[in-house]
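Structure record follows, encoded as structure tokens.
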Amino acid sequence: MSNQIHNIPDFRTLLTKQGYSLVGNHSAVKTCLWLKRSIKGEGACYKSRFYGIKSHCCIQMTPTLLCNQKCIHCWRPTEVKIPAPDKWDSPVEIMGSSIYAQRKLISGFGGSAPREFWMEANNPRHVAISLSGEPTLYPYLPELIDEFTKNDITTFVVTNGTNPEMIKKINPTQLYISLDASDKETYMTVCNPRSPELWEKIKESLFNLYDKDIRTVVRITLIKGVNMFDPEGFAGLIDTAKPDFVEIKAYMHLGFSRGRLSRESMPSHEEVMVFADDIADYLGYRVVDEVEISRVVLLSKSPESLSGQS
């Protein structure tokens with residue numbers, strides 16, 4: 001294991017150094033690479049292509065830095081202990097502080113970005129609740145989603161699926177569940193959960209996803225030599241959710257994951273395509289798009305539903 005893992009400072013110092021803006025007692029905002037490119041008119045992330053969002057108008061945030069898994073492919077410093085807050089901030093506080101933090105983070109682009117894009121970025125239209133930690137551990141997540149929605153900001157929630165009761169309660173614009181194993185043994189290796197019982201919780205969440213009247217996605221991160229097998233098993237689990245889309249993406253050798261996995265753990269785009277084709281065949285879905293630079297493939301159960309909506 002590299003010195004990168006052993007020489008980690010306290011989490012607040014670390015996150016600040018990594019460009020996070022800490023919001024209130026337990027939330028955080030961070031601008032991503034694609035926002036920085038999009039605000040200059042130099043490209044956009046694959047979510048822009050798949051779902052029609054503007055990358056420079058998207059807040060990447062989390063309402064809690066706590067997580068109940070320590071996934072080996074996570075680029076966050078999962079080795080750092082995150083203290084639980086004494087008191088949870090309100091959804092109104094988090095939303096307002098997140099927008100303020102986003103504007104502050106992009107203030108330096110005013111002189112280098114086209115003014116139209118910079119002005120658009122100062123009035124965010126999307127929020128990706130997926131930055132770090134597990135968002136469903138924030139007890140007021142439904143109310144936070146409602147606050148963003150009331151302000152005409154679309155909500156994209158990415159969850160590890162370990163809190164099925166919260167899955168029932170929330171109705172974001174788009175709800176992702178990450179599924180990084182086709183069986184319990186692999187799940188324990190890949191995700192290092194707080195409890196083995198969380199595997200059953202994930203399967204329950206997939207079942208609950210089926211009943212959601214919103215856009216739903218199951219997302220798989222493929223790690224070569226670790227979880228890149230048994231497409232039929234993945235398809236069987238996904239079929240219980242019957243999501244609108246399935247995103248199948250390569251692990252990327254970034255951040256603190258570099259201390260846990262080798263560069264060879266990244267599958268090529270071609271390898272991702274082959275695995276995606278296999279899952280699609282078992283599910284009866286179709287490959288409807290791909291972005292080679294991000295090594296990601298999109299499956300849909302009905303191609304007509306891919307409409308660049310936001």
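Each chain in the structure tokens gets a letter, A, B, ..., in the order shown, and its residues are numbered from 1; ligands are numbered from 1 in order too.
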Using only C-alpha atoms, which residues sit within 7 Å of segment 145-151 of chain A once same-chain residues fewer than 5 positions away are excluded, as a PyMOL selection string? chain A and resi 91-92+95+172
Segment 113-230 of chain A residues near segment 262-286 of chain A within 7 Å, closest pair each, using only C-alpha atoms, as JSON lines:
```
{"residue": "A:Ile223", "atom": "CA", "partner": "A:Ser265", "partner_atom": "CA", "distance": 5.5}
{"residue": "A:Lys224", "atom": "CA", "partner": "A:Ser265", "partner_atom": "CA", "distance": 4.6}
{"residue": "A:Gly225", "atom": "CA", "partner": "A:Ser265", "partner_atom": "CA", "distance": 6.7}
```
Near-Leu222 of chain A list (7 Å; only C-alpha atoms; drop same-chain fewer than 4 positions) as a PDB file with N, CA and C atoms, in the first residue's frame:
```pdb
ATOM      1  N   ASN A 227     -14.189  -7.575 -10.542  1.00  0.00           N
ATOM      2  CA  ASN A 227     -15.636  -7.818 -10.636  1.00  0.00           C
ATOM      3  C   ASN A 227     -16.120  -7.965 -12.070  1.00  0.00           C
ATOM      4  N   MET A 228     -15.185  -8.085 -13.006  1.00  0.00           N
ATOM      5  CA  MET A 228     -15.549  -8.077 -14.420  1.00  0.00           C
ATOM      6  C   MET A 228     -15.806  -9.501 -14.928  1.00  0.00           C
ATOM      7  N   LYS A 249     -19.419   1.375 -16.769  1.00  0.00           N
ATOM      8  CA  LYS A 249     -18.272   2.271 -16.870  1.00  0.00           C
ATOM      9  C   LYS A 249     -17.014   1.613 -16.344  1.00  0.00           C
ATOM     10  N   ALA A 250     -15.898   1.943 -16.946  1.00  0.00           N
ATOM     11  CA  ALA A 250     -14.614   1.432 -16.484  1.00  0.00           C
ATOM     12  C   ALA A 250     -14.177   2.140 -15.210  1.00  0.00           C
ATOM     13  N   TYR A 251     -13.568   1.376 -14.309  1.00  0.00           N
ATOM     14  CA  TYR A 251     -12.835   1.978 -13.193  1.00  0.00           C
ATOM     15  C   TYR A 251     -11.735   2.857 -13.760  1.00  0.00           C
TER      16      TYR A 251
END
```
Using DSSP on the backbone coordinates, identify all residues within segment 98-261 of chain A classified as alpha helix (DSSP H); present the result as a ChimeraX atom specification. /A:98-105,115-121,141-150,164-169,184-191,198-209,231-241
Can I get the selection written as a PDB file, in the first residue's frame, with C-alpha atoms?
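Generated output (result-v2.pdb):
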```pdb
ATOM      1  CA  SER A  98     -24.239  24.861  -1.824  1.00  0.00           C
ATOM      2  CA  ILE A  99     -25.252  27.445  -4.424  1.00  0.00           C
ATOM      3  CA  TYR A 100     -23.166  30.086  -2.657  1.00  0.00           C
ATOM      4  CA  ALA A 101     -20.155  27.735  -2.534  1.00  0.00           C
ATOM      5  CA  GLN A 102     -20.541  26.880  -6.225  1.00  0.00           C
ATOM      6  CA  ARG A 103     -20.568  30.559  -7.205  1.00  0.00           C
ATOM      7  CA  LYS A 104     -17.485  31.183  -5.115  1.00  0.00           C
ATOM      8  CA  LEU A 105     -15.656  28.205  -6.655  1.00  0.00           C
ATOM      9  CA  ARG A 115     -19.472  35.511 -20.403  1.00  0.00           C
ATOM     10  CA  GLU A 116     -22.661  33.687 -21.461  1.00  0.00           C
ATOM     11  CA  PHE A 117     -21.389  30.402 -20.032  1.00  0.00           C
ATOM     12  CA  TRP A 118     -20.100  32.041 -16.860  1.00  0.00           C
ATOM     13  CA  MET A 119     -23.454  33.734 -16.255  1.00  0.00           C
ATOM     14  CA  GLU A 120     -25.273  30.443 -16.836  1.00  0.00           C
ATOM     15  CA  ALA A 121     -22.948  28.699 -14.392  1.00  0.00           C
ATOM     16  CA  LEU A 141     -32.716  13.938   1.831  1.00  0.00           C
ATOM     17  CA  PRO A 142     -36.346  13.971   0.546  1.00  0.00           C
ATOM     18  CA  GLU A 143     -36.760  17.538   1.809  1.00  0.00           C
ATOM     19  CA  LEU A 144     -33.410  18.582   0.311  1.00  0.00           C
ATOM     20  CA  ILE A 145     -34.485  17.253  -3.083  1.00  0.00           C
ATOM     21  CA  ASP A 146     -37.748  19.173  -2.715  1.00  0.00           C
ATOM     22  CA  GLU A 147     -35.856  22.411  -1.973  1.00  0.00           C
ATOM     23  CA  PHE A 148     -33.778  22.097  -5.131  1.00  0.00           C
ATOM     24  CA  THR A 149     -36.850  21.168  -7.160  1.00  0.00           C
ATOM     25  CA  LYS A 150     -38.773  24.230  -5.917  1.00  0.00           C
ATOM     26  CA  PRO A 164     -33.865   0.796   0.808  1.00  0.00           C
ATOM     27  CA  GLU A 165     -36.313   2.710   2.999  1.00  0.00           C
ATOM     28  CA  MET A 166     -34.853   5.998   1.788  1.00  0.00           C
ATOM     29  CA  ILE A 167     -35.083   4.755  -1.799  1.00  0.00           C
ATOM     30  CA  LYS A 168     -38.847   4.521  -1.261  1.00  0.00           C
ATOM     31  CA  LYS A 169     -39.040   8.103   0.002  1.00  0.00           C
ATOM     32  CA  LYS A 184     -22.185 -11.300  -2.098  1.00  0.00           C
ATOM     33  CA  GLU A 185     -18.605 -12.579  -2.012  1.00  0.00           C
ATOM     34  CA  THR A 186     -17.496 -10.144  -4.695  1.00  0.00           C
ATOM     35  CA  TYR A 187     -19.460  -7.347  -3.028  1.00  0.00           C
ATOM     36  CA  MET A 188     -17.556  -7.882   0.207  1.00  0.00           C
ATOM     37  CA  THR A 189     -14.245  -7.646  -1.672  1.00  0.00           C
ATOM     38  CA  VAL A 190     -15.134  -4.622  -3.794  1.00  0.00           C
ATOM     39  CA  CYS A 191     -17.172  -2.504  -1.392  1.00  0.00           C
ATOM     40  CA  LEU A 198     -25.935  -4.548   3.402  1.00  0.00           C
ATOM     41  CA  TRP A 199     -25.827  -6.879   0.386  1.00  0.00           C
ATOM     42  CA  GLU A 200     -29.434  -7.866   1.089  1.00  0.00           C
ATOM     43  CA  LYS A 201     -30.308  -4.192   1.512  1.00  0.00           C
ATOM     44  CA  ILE A 202     -28.953  -3.479  -1.971  1.00  0.00           C
ATOM     45  CA  LYS A 203     -31.105  -6.228  -3.461  1.00  0.00           C
ATOM     46  CA  GLU A 204     -34.112  -4.735  -1.640  1.00  0.00           C
ATOM     47  CA  SER A 205     -33.292  -1.298  -3.041  1.00  0.00           C
ATOM     48  CA  LEU A 206     -33.156  -2.696  -6.568  1.00  0.00           C
ATOM     49  CA  PHE A 207     -36.629  -4.127  -6.002  1.00  0.00           C
ATOM     50  CA  ASN A 208     -37.824  -0.749  -4.678  1.00  0.00           C
ATOM     51  CA  LEU A 209     -36.370   1.006  -7.723  1.00  0.00           C
ATOM     52  CA  PRO A 231     -22.691 -10.654 -16.804  1.00  0.00           C
ATOM     53  CA  GLU A 232     -25.657 -12.994 -16.421  1.00  0.00           C
ATOM     54  CA  GLY A 233     -25.552 -12.510 -12.635  1.00  0.00           C
ATOM     55  CA  PHE A 234     -25.455  -8.712 -13.037  1.00  0.00           C
ATOM     56  CA  ALA A 235     -28.359  -8.897 -15.482  1.00  0.00           C
ATOM     57  CA  GLY A 236     -30.427 -10.969 -13.067  1.00  0.00           C
ATOM     58  CA  LEU A 237     -30.055  -8.384 -10.318  1.00  0.00           C
ATOM     59  CA  ILE A 238     -30.708  -5.472 -12.673  1.00  0.00           C
ATOM     60  CA  ASP A 239     -33.841  -7.174 -13.969  1.00  0.00           C
ATOM     61  CA  THR A 240     -35.453  -6.865 -10.529  1.00  0.00           C
ATOM     62  CA  ALA A 241     -35.189  -3.081 -10.878  1.00  0.00           C
TER      63      ALA A 241
END
```
Secondary structure check, strand (DSSP E or B) residues of segment 11-209 of chain A, as JSON, numbers by chain: {"A": [21, 22, 23, 27, 28, 29, 58, 59, 60, 61, 62, 69, 126, 127, 128, 129, 154, 155, 156, 157, 158, 159, 174, 175, 176, 177, 178, 193]}
Counting only C-alpha atoms, which residue out of A:Ile94, A:Leu137, A:Leu298, A:Ile220 sits closest to Asn68 of chain A? A:Leu137
Find the residues of segment 212-308 of chain A that sit at most 12 Å from segment 11-34 of chain A; for each, write down the nearest two atoms and how far apart they are in Å, to one decimal. Count only C-alpha atoms. Sort by chain, then by number going up, and give it as a tab-separated table.
```
residue	atom	partner	partner_atom	distance
A:Gly255	CA	A:Gln18	CA	9.7
A:Phe256	CA	A:Gln18	CA	11.3
A:Ser294	CA	A:Trp34	CA	11.1
```
Residues from last step as file, C-alpha atoms, as a short mmCIF file (atom, residue, chain, number, x, y, z; two decimals), in the first residue's frame:
```
data_model
loop_
_atom_site.label_atom_id
_atom_site.label_comp_id
_atom_site.auth_asym_id
_atom_site.auth_seq_id
_atom_site.Cartn_x
_atom_site.Cartn_y
_atom_site.Cartn_z
CA GLY A 255 -7.32 9.77 -6.46
CA PHE A 256 -6.84 7.51 -3.47
CA SER A 294 -14.94 8.16 -20.36
#
```
Would you compute the distance between atom CA of Lys47 of chain A and atom CA of Thr78 of chain A? Give it in Å to one decimal.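 Straight-line distance from atom CA of Lys47 of chain A to atom CA of Thr78 of chain A works out to 25.2 Å.
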Nearest to Ile248 of chain A, chosen from A:Leu261, A:Ile53, A:Asn123, A:Val218, with only C-alpha atoms counted in the distances: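 Of all the options, A:Val218 lies closest to Ile248 of chain A.
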Residue among A:Lys54, A:Arg194, A:Lys87, A:Arg219 lying closest to Val297 of chain A, counting only C-alpha atoms: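 The shortest atom-to-atom distance to Val297 of chain A comes from A:Arg219.
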From the options A:Asn192, A:Asn122, A:Ser48, A:Thr159, which residue's atoms come nearest to Val217 of chain A, counting only C-alpha atoms? A:Thr159
For the atom pair atom CA of Pro85 of chain A and atom CA of Ser107 of chain A, what is the interatomic distance in Å to one decimal place?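 Those two atoms sit 29.4 Å apart.
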Write out as a ChimeraX atom specification each polymer residue whose atoms come within 8 Å of Arg260 of chain A, counting only C-alpha atoms; drop sequence neighbours fewer than 2 positions from it. /A:1,72-73,256-258,262
